[in-house]
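J.: Provided herewith: coords09.txt, compact mmCIF, C-alpha atoms and all ligand atoms.
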```
# COMPACT_ATOMS: atom_id res chain seq x y z
CA MET J 1 5.02 18.83 4.23
CA THR J 2 2.25 16.29 4.63
CA THR J 3 0.29 15.67 7.81
CA THR J 4 0.88 12.11 8.94
CA HIS J 5 -0.81 10.02 11.61
CA ILE J 6 0.85 6.93 13.11
CA ASP J 7 -1.04 3.98 14.63
CA THR J 8 1.00 1.29 16.35
CA VAL J 9 0.18 -2.36 17.07
CA ALA J 10 2.75 -3.86 19.44
CA HIS J 11 3.48 -7.58 19.48
CA PRO J 12 6.05 -9.76 21.23
CA GLY J 13 9.47 -8.63 19.99
CA GLY J 14 8.38 -5.60 17.99
CA ALA J 15 5.75 -3.29 16.62
CA ALA J 16 3.91 -2.61 13.37
CA HIS J 17 3.15 1.02 12.52
CA LEU J 18 0.60 2.35 10.02
CA VAL J 19 1.52 5.80 8.74
CA SER J 20 -1.58 7.35 7.20
CA THR J 21 -1.77 10.57 5.20
CA TYR J 22 -4.45 12.37 3.17
CA ALA J 23 -3.51 10.70 -0.11
CA THR J 24 -1.88 7.35 0.73
CA ASN J 25 -0.40 5.17 3.52
CA TRP J 26 2.76 3.19 4.26
CA ILE J 27 3.80 0.73 6.98
CA LEU J 28 6.88 0.33 9.17
CA LEU J 29 7.66 -3.04 10.79
CA GLN J 30 10.13 -2.57 13.60
CA ASP J 31 12.05 -5.05 15.73
CA ASP J 32 15.59 -5.60 17.08
CA ALA J 33 16.84 -6.49 13.58
CA GLY J 34 15.75 -3.13 12.09
CA ILE J 35 12.87 -1.89 9.99
CA THR J 36 10.94 -3.24 7.01
CA LEU J 37 9.24 -0.49 4.99
CA ILE J 38 6.06 -1.56 3.16
CA ASP J 39 5.15 0.94 0.39
CA ALA J 40 6.41 4.53 0.56
CA GLY J 41 3.79 6.87 -0.89
CA TYR J 42 4.13 9.18 -3.87
CA PRO J 43 7.53 10.55 -4.94
CA GLY J 44 6.62 13.70 -3.00
CA ASN J 45 6.14 11.66 0.20
CA ALA J 46 9.79 10.55 0.42
CA ARG J 47 10.64 13.15 3.09
CA ASP J 48 7.45 12.25 4.99
CA VAL J 49 8.55 8.60 5.06
CA THR J 50 11.94 9.65 6.45
CA ASP J 51 10.21 11.75 9.11
CA SER J 52 7.98 8.82 10.06
CA VAL J 53 11.00 6.53 10.51
CA ARG J 54 12.48 9.12 12.88
CA ALA J 55 9.13 9.47 14.67
CA ILE J 56 9.21 5.78 15.66
CA GLY J 57 12.78 6.16 16.96
CA GLY J 58 14.55 4.72 13.92
CA GLN J 59 16.79 5.95 11.15
CA MET J 60 16.88 5.23 7.43
CA SER J 61 19.97 3.03 7.84
CA ASP J 62 17.80 0.67 9.94
CA ILE J 63 15.75 -0.26 6.85
CA ARG J 64 16.62 -3.84 5.87
CA ALA J 65 14.32 -3.94 2.84
CA GLY J 66 11.47 -2.16 1.12
CA LEU J 67 8.42 -4.25 0.22
CA LEU J 68 5.69 -3.27 -2.22
CA THR J 69 2.05 -4.31 -2.09
CA HIS J 70 1.92 -3.18 -5.73
CA ALA J 71 3.67 -0.82 -8.12
CA HIS J 72 1.22 2.09 -8.49
CA VAL J 73 2.83 5.53 -8.24
CA ASP J 74 1.25 6.25 -4.83
CA HIS J 75 3.06 3.22 -3.34
CA ILE J 76 6.28 2.88 -5.37
CA GLY J 77 7.05 6.59 -5.95
CA GLY J 78 8.61 7.31 -2.57
CA MET J 79 10.25 3.87 -2.54
CA ALA J 80 12.13 4.60 -5.79
CA VAL J 81 13.45 7.86 -4.33
CA LEU J 82 14.47 6.38 -0.97
CA ALA J 83 15.95 3.09 -2.24
CA GLY J 84 18.07 5.18 -4.61
CA GLU J 85 19.28 7.40 -1.77
CA HIS J 86 19.79 4.76 0.92
CA GLY J 87 20.63 1.64 -1.08
CA PHE J 88 18.22 -0.81 0.52
CA GLU J 89 16.79 -3.60 -1.61
CA VAL J 90 13.16 -3.50 -2.82
CA LEU J 91 11.16 -6.72 -3.06
CA THR J 92 7.69 -7.50 -4.34
CA GLY J 93 5.58 -10.45 -5.46
CA ALA J 94 6.90 -12.38 -8.48
CA ASP J 95 3.96 -11.26 -10.62
CA GLU J 96 4.51 -7.59 -9.78
CA VAL J 97 8.21 -7.36 -10.69
CA ALA J 98 7.77 -6.40 -14.36
CA HIS J 99 5.21 -3.76 -13.35
CA ALA J 100 7.57 -2.34 -10.71
CA ARG J 101 10.30 -2.15 -13.36
CA ARG J 102 7.82 -0.27 -15.59
CA GLU J 103 8.04 -2.85 -18.35
CA HIS J 104 4.31 -2.16 -18.50
CA LEU J 105 1.87 0.03 -16.56
CA GLN J 106 -1.46 -1.11 -15.06
CA GLN J 107 -2.57 2.26 -13.77
CA ALA J 108 -5.45 4.68 -14.36
CA THR J 109 -4.58 6.86 -17.36
CA PRO J 110 -5.11 10.65 -17.49
CA PRO J 111 -8.32 10.09 -19.58
CA ASP J 112 -9.57 7.63 -16.89
CA ILE J 113 -8.96 10.27 -14.22
CA ALA J 114 -10.62 12.99 -16.34
CA ALA J 115 -13.72 10.80 -16.75
CA MET J 116 -13.85 10.16 -12.99
CA ILE J 117 -13.63 13.89 -12.24
CA ALA J 118 -16.41 14.60 -14.75
CA ARG J 119 -18.60 12.19 -12.73
CA ARG J 120 -17.33 13.42 -9.36
CA PRO J 121 -16.19 17.07 -9.50
CA SER J 122 -15.30 16.99 -5.79
CA ALA J 123 -12.31 14.83 -6.76
CA LEU J 124 -10.67 17.89 -8.27
CA GLY J 125 -9.22 18.83 -4.87
CA TRP J 126 -7.64 15.37 -4.64
CA LEU J 127 -6.16 15.77 -8.13
CA SER J 128 -4.51 19.09 -7.34
CA ARG J 129 -2.88 17.57 -4.25
CA VAL J 130 -1.60 14.41 -5.92
CA LEU J 131 -0.25 16.39 -8.88
CA ARG J 132 2.01 18.14 -6.37
CA LEU J 133 3.02 14.75 -4.92
CA GLY J 134 4.14 13.49 -8.33
CA VAL J 135 1.19 11.41 -9.57
CA LEU J 136 2.43 11.74 -13.16
CA SER J 137 5.80 10.11 -12.40
CA ARG J 138 6.53 6.97 -14.45
CA ARG J 139 9.64 6.09 -12.45
CA GLY J 140 10.03 2.41 -11.59
CA ILE J 141 12.75 0.48 -9.77
CA ASP J 142 15.06 -1.35 -12.18
CA ASP J 143 16.62 -3.75 -9.68
CA VAL J 144 13.45 -4.71 -7.79
CA ARG J 145 13.18 -8.48 -7.41
CA ALA J 146 10.70 -11.11 -6.22
CA PHE J 147 10.80 -12.14 -2.57
CA THR J 148 10.69 -15.71 -1.36
CA ASP J 149 8.50 -16.56 1.62
CA ASP J 150 11.60 -17.65 3.59
CA GLU J 151 13.23 -14.32 2.91
CA LEU J 152 10.18 -12.45 4.21
CA ALA J 153 10.23 -14.55 7.38
CA ARG J 154 13.76 -13.28 8.13
CA LEU J 155 12.94 -9.58 7.62
CA PRO J 156 12.14 -7.28 10.58
CA GLY J 157 8.54 -7.97 11.57
CA ALA J 158 8.49 -11.28 9.63
CA PRO J 159 5.71 -10.36 7.18
CA VAL J 160 3.77 -13.21 5.53
CA ALA J 161 2.66 -12.70 1.92
CA VAL J 162 -1.04 -13.06 1.07
CA ARG J 163 -1.25 -13.01 -2.72
CA SER J 164 -4.20 -10.88 -3.74
CA PRO J 165 -4.15 -10.21 -7.50
CA GLY J 166 -6.71 -7.95 -9.13
CA HIS J 167 -5.92 -4.36 -8.22
CA THR J 168 -2.75 -5.18 -10.17
CA ASP J 169 -1.75 -8.62 -11.49
CA GLY J 170 0.88 -9.10 -8.77
CA HIS J 171 -0.75 -7.32 -5.83
CA VAL J 172 0.28 -8.78 -2.45
CA ALA J 173 -1.18 -8.19 1.03
CA TYR J 174 0.91 -9.03 4.10
CA LEU J 175 0.07 -10.49 7.49
CA VAL J 176 2.17 -8.73 10.13
CA ALA J 177 2.33 -8.33 13.93
CA GLY J 178 2.33 -12.10 14.38
CA GLY J 179 -0.73 -12.50 12.13
CA ARG J 180 -2.90 -9.96 13.97
CA VAL J 181 -2.76 -7.26 11.30
CA LEU J 182 -3.49 -7.52 7.57
CA VAL J 183 -1.72 -4.96 5.38
CA THR J 184 -4.26 -4.87 2.58
CA GLY J 185 -2.67 -2.46 0.10
CA ASP J 186 -5.38 -1.36 -2.32
CA SER J 187 -7.29 -4.65 -2.43
CA LEU J 188 -9.35 -3.43 0.55
CA ILE J 189 -9.33 0.19 1.74
CA THR J 190 -11.19 2.11 4.45
CA ALA J 191 -11.58 5.55 2.79
CA HIS J 192 -10.33 7.50 -0.23
CA PRO J 193 -10.27 11.26 -0.87
CA THR J 194 -12.31 10.78 -4.07
CA VAL J 195 -15.30 9.13 -2.32
CA SER J 196 -17.43 9.94 0.74
CA THR J 197 -17.81 6.33 1.97
CA VAL J 198 -15.93 5.53 5.18
CA GLY J 199 -15.27 1.96 6.36
CA PRO J 200 -14.01 -1.20 4.68
CA GLN J 201 -14.62 -0.96 0.94
CA LEU J 202 -13.28 -1.88 -2.48
CA ILE J 203 -11.41 0.89 -4.24
CA SER J 204 -13.08 2.77 -7.11
CA ARG J 205 -13.04 0.82 -10.37
CA THR J 206 -11.16 3.74 -11.95
CA PHE J 207 -8.08 2.66 -10.00
CA ASP J 208 -8.58 -1.11 -10.18
CA HIS J 209 -6.95 -3.09 -13.00
CA ASP J 210 -9.24 -6.15 -12.69
CA PRO J 211 -12.18 -5.55 -10.29
CA ALA J 212 -13.59 -9.09 -10.67
CA ARG J 213 -10.27 -10.60 -9.67
CA THR J 214 -9.97 -8.14 -6.76
CA ARG J 215 -13.29 -9.47 -5.45
CA LEU J 216 -11.99 -13.05 -5.57
CA SER J 217 -8.91 -11.98 -3.61
CA VAL J 218 -10.98 -10.17 -1.00
CA GLU J 219 -13.09 -13.35 -0.68
CA THR J 220 -9.92 -15.13 0.48
CA PHE J 221 -9.52 -12.53 3.27
CA THR J 222 -12.73 -13.91 4.82
CA GLY J 223 -10.66 -16.98 5.78
CA LEU J 224 -8.07 -15.02 7.80
CA ASP J 225 -7.99 -14.61 11.58
CA ALA J 226 -6.44 -11.12 11.67
CA ASP J 227 -8.38 -8.46 13.55
CA VAL J 228 -6.78 -5.20 12.40
CA ILE J 229 -6.48 -3.71 8.89
CA PHE J 230 -3.65 -1.44 7.78
CA PRO J 231 -5.09 -0.26 4.42
CA GLY J 232 -3.38 1.42 1.46
CA HIS J 233 -5.82 4.34 1.83
CA GLY J 234 -7.90 5.44 4.82
CA PRO J 235 -7.58 4.96 8.57
CA ILE J 236 -6.74 1.85 10.58
CA HIS J 237 -9.68 -0.53 11.01
CA HIS J 238 -10.21 -2.56 14.19
CA GLY J 239 -12.41 -5.65 14.01
CA PRO J 240 -12.28 -9.10 12.43
CA VAL J 241 -10.82 -8.90 8.91
CA ARG J 242 -13.27 -11.56 7.75
CA ASP J 243 -16.21 -9.29 8.65
CA ALA J 244 -14.57 -6.25 7.04
CA ALA J 245 -13.93 -8.21 3.83
CA ARG J 246 -17.54 -9.42 3.77
CA ALA J 247 -18.85 -5.87 4.37
CA ALA J 248 -16.67 -4.49 1.55
CA LEU J 249 -17.90 -7.16 -0.88
CA ASP J 250 -21.53 -6.52 0.12
CA ARG J 251 -21.25 -2.78 -0.56
CA ARG J 252 -21.20 -3.40 -4.31
ZN ZN Q 1 -3.04 3.26 -3.84
```
Rewrite the structure from the file as structure tokens, please.
Ligand SMILES: [Zn+2]
T.:
Amino acid sequence: MTTTHIDTVAHPGGAAHLVSTYATNWILLQDDAGITLIDAGYPGNARDVTDSVRAIGGQMSDIRAGLLTHAHVDHIGGMAVLAGEHGFEVLTGADEVAHARREHLQQATPPDIAAMIARRPSALGWLSRVLRLGVLSRRGIDDVRAFTDDELARLPGAPVAVRSPGHTDGHVAYLVAGGRVLVTGDSLITAHPTVSTVGPQLISRTFDHDPARTRLSVETFTGLDADVIFPGHGPIHHGPVRDAARAALDRR
């Protein structure tokens, strides 16, 4: 059982919820038409996702679709379990589909992780927790498909895709809550159990497929008007997204 914390941003006609946990986050968009689930944690978080849906007054049958920011195990793992159990469709950006089907894998390898822990022994506690959550799973989702922007507009919460390649080739952020909130996935995070820095930041290079391209994507966030961040890791961030993106880029 994982400790979860839920932050809610209400907007006309619905609400966007960030569910944050020690190791990873997911998002629930809720309105009269049902729920859109964005990311779903590690395989071992599947029951936590179900509990979070109940905590906002919903049920799993309310889920109209699962969306992925990207196909790393800490975002797709729970989605593969839950889509299999509940039969909802899973959508992602066109350039992330092959990754989500596990036709290839753009993820830190066990030697990458070992090297990181050699540099940062405190990350050993993180490793023991994510091993229990299923970090070694290679399970993808065979019938995942690419969304269209029109399709997203009709989903609960009407998310708007903000393509942000780098962390993976097909990484996508989403504007939600009527454009007030940016769901940043792992392009921009606010904390991570393997580092001591708190606040808007780029994720460790160990986990980033193409750090230079991630920076270019985060540059594009400086043109957005959103004023809340729902990150892939770390707590909610309040304040202009453009400032947070600039601060993250200036950190390194
Ligand atoms: Zn992640």
J.: Find the residues near J:Gly239: any atom within 9 Å, counting only C-alpha atoms, skip ones fewer than 5 places away on the same chain, and give them as a ChimeraX atom specification.
T.: /J:226-229,244
J.: Can you write just those residues out, C-alpha atoms, as a short mmCIF file (atom, residue, chain, number, x, y, z; two decimals), in the frame of the given file?
T.:
```cif
data_model
loop_
_atom_site.label_atom_id
_atom_site.label_comp_id
_atom_site.auth_asym_id
_atom_site.auth_seq_id
_atom_site.Cartn_x
_atom_site.Cartn_y
_atom_site.Cartn_z
CA ALA J 226 -6.44 -11.12 11.67
CA ASP J 227 -8.38 -8.46 13.55
CA VAL J 228 -6.78 -5.20 12.40
CA ILE J 229 -6.48 -3.71 8.89
CA ALA J 244 -14.57 -6.25 7.04
#
```
J.: Name the residues, by chain letter and number, that sit within 12 Å of ligand ZN 1 (chain Q) using only C-alpha atoms and all ligand atoms, and give them as a PyMOL selection string.
T.: chain J and resi 20-26+39-42+68-77+107-108+130+135+167-168+171+184-194+202-204+206-209+231-234
J.: Can you work out which one of J:Gly84, J:Thr4, J:Trp126, J:Glu96 has the shortest atom-to-atom distance to J:Asp51, counting all atoms listed in the file?
T.: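 Residue with the minimum atom-to-atom distance to J:Asp51: J:Thr4.
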J.: Between atom CA of J:Asp169 and atom CA of J:Val90, measure the distance and give it in Å to one decimal.
T.: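 The value is 18.0 Å.
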J.: Residues of stretch 147-206 of chain J that approach stretch 34-38 of chain J to 8 Å or less, counting all atoms listed in the file: could you list each one with the shortest pair of atoms and its distance in Å to one decimal, rows by chain and increasing residue number, as CSV?
T.:
```
residue,atom,partner,partner_atom,distance
J:Leu155,CA,J:Thr36,CA,6.7
J:Pro156,CA,J:Ile35,CA,5.5
J:Gly157,CA,J:Thr36,CA,7.0
```
J.: Just the number, please: distance in Å from atom CA of J:Leu133 to atom CA of J:Ala114, one decimal.
T.: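 Spanning atom CA of J:Leu133 to atom CA of J:Ala114 is a straight-line distance of 17.9 Å.
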J.: Could you tell me how far atom CA of J:Ala161 lies from atom CA of J:Tyr174, in Å and to one decimal?
T.: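 Interatomic distance here is 4.6 Å.
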J.: Could you please give me, as a ChimeraX atom specification, the residues of protein, DNA or RNA lying at most 12 Å from (11.5, -4.2, -9.8) in the coordinate frame of the file, considering all atoms listed in the file?
T.: /J:66-68,70-71,76,79-80,83,89-104,139-147,170
J.: Could those residues be written to a file, using C-alpha atoms, as a PDB file, keeping the file's coordinate frame?
T.:
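What ended up in out.pdb:
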```pdb
ATOM      1  CA  GLY J  66      11.470  -2.160   1.120  1.00  0.00           C
ATOM      2  CA  LEU J  67       8.420  -4.250   0.220  1.00  0.00           C
ATOM      3  CA  LEU J  68       5.690  -3.270  -2.220  1.00  0.00           C
ATOM      4  CA  HIS J  70       1.920  -3.180  -5.730  1.00  0.00           C
ATOM      5  CA  ALA J  71       3.670  -0.820  -8.120  1.00  0.00           C
ATOM      6  CA  ILE J  76       6.280   2.880  -5.370  1.00  0.00           C
ATOM      7  CA  MET J  79      10.250   3.870  -2.540  1.00  0.00           C
ATOM      8  CA  ALA J  80      12.130   4.600  -5.790  1.00  0.00           C
ATOM      9  CA  ALA J  83      15.950   3.090  -2.240  1.00  0.00           C
ATOM     10  CA  GLU J  89      16.790  -3.600  -1.610  1.00  0.00           C
ATOM     11  CA  VAL J  90      13.160  -3.500  -2.820  1.00  0.00           C
ATOM     12  CA  LEU J  91      11.160  -6.720  -3.060  1.00  0.00           C
ATOM     13  CA  THR J  92       7.690  -7.500  -4.340  1.00  0.00           C
ATOM     14  CA  GLY J  93       5.580 -10.450  -5.460  1.00  0.00           C
ATOM     15  CA  ALA J  94       6.900 -12.380  -8.480  1.00  0.00           C
ATOM     16  CA  ASP J  95       3.960 -11.260 -10.620  1.00  0.00           C
ATOM     17  CA  GLU J  96       4.510  -7.590  -9.780  1.00  0.00           C
ATOM     18  CA  VAL J  97       8.210  -7.360 -10.690  1.00  0.00           C
ATOM     19  CA  ALA J  98       7.770  -6.400 -14.360  1.00  0.00           C
ATOM     20  CA  HIS J  99       5.210  -3.760 -13.350  1.00  0.00           C
ATOM     21  CA  ALA J 100       7.570  -2.340 -10.710  1.00  0.00           C
ATOM     22  CA  ARG J 101      10.300  -2.150 -13.360  1.00  0.00           C
ATOM     23  CA  ARG J 102       7.820  -0.270 -15.590  1.00  0.00           C
ATOM     24  CA  GLU J 103       8.040  -2.850 -18.350  1.00  0.00           C
ATOM     25  CA  HIS J 104       4.310  -2.160 -18.500  1.00  0.00           C
ATOM     26  CA  ARG J 139       9.640   6.090 -12.450  1.00  0.00           C
ATOM     27  CA  GLY J 140      10.030   2.410 -11.590  1.00  0.00           C
ATOM     28  CA  ILE J 141      12.750   0.480  -9.770  1.00  0.00           C
ATOM     29  CA  ASP J 142      15.060  -1.350 -12.180  1.00  0.00           C
ATOM     30  CA  ASP J 143      16.620  -3.750  -9.680  1.00  0.00           C
ATOM     31  CA  VAL J 144      13.450  -4.710  -7.790  1.00  0.00           C
ATOM     32  CA  ARG J 145      13.180  -8.480  -7.410  1.00  0.00           C
ATOM     33  CA  ALA J 146      10.700 -11.110  -6.220  1.00  0.00           C
ATOM     34  CA  PHE J 147      10.800 -12.140  -2.570  1.00  0.00           C
ATOM     35  CA  GLY J 170       0.880  -9.100  -8.770  1.00  0.00           C
TER      36      GLY J 170
END
```
J.: Of the candidates J:Gly14, J:Val49, J:Ala248, J:Gly57, which one gets nearest to J:Thr197 if we count all atoms listed in the file?
T.: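 Closest to J:Thr197, using all atoms listed in the file: J:Ala248.
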J.: Measuring between only C-alpha atoms, which one of J:Ser52, J:Leu18, J:Ser122, J:Gly58 shows the shortest distance to J:Ser196?
T.: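 Of J:Ser52, J:Leu18, J:Ser122, J:Gly58, the one nearest J:Ser196, counting only C-alpha atoms, is J:Ser122.
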J.: With distances taken over only C-alpha atoms, which residue among J:Pro43, J:Ile56, J:Val81, J:Asp31 lies nearest J:Val19?
T.: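 For J:Val19, the nearest of the given residues is J:Ile56.
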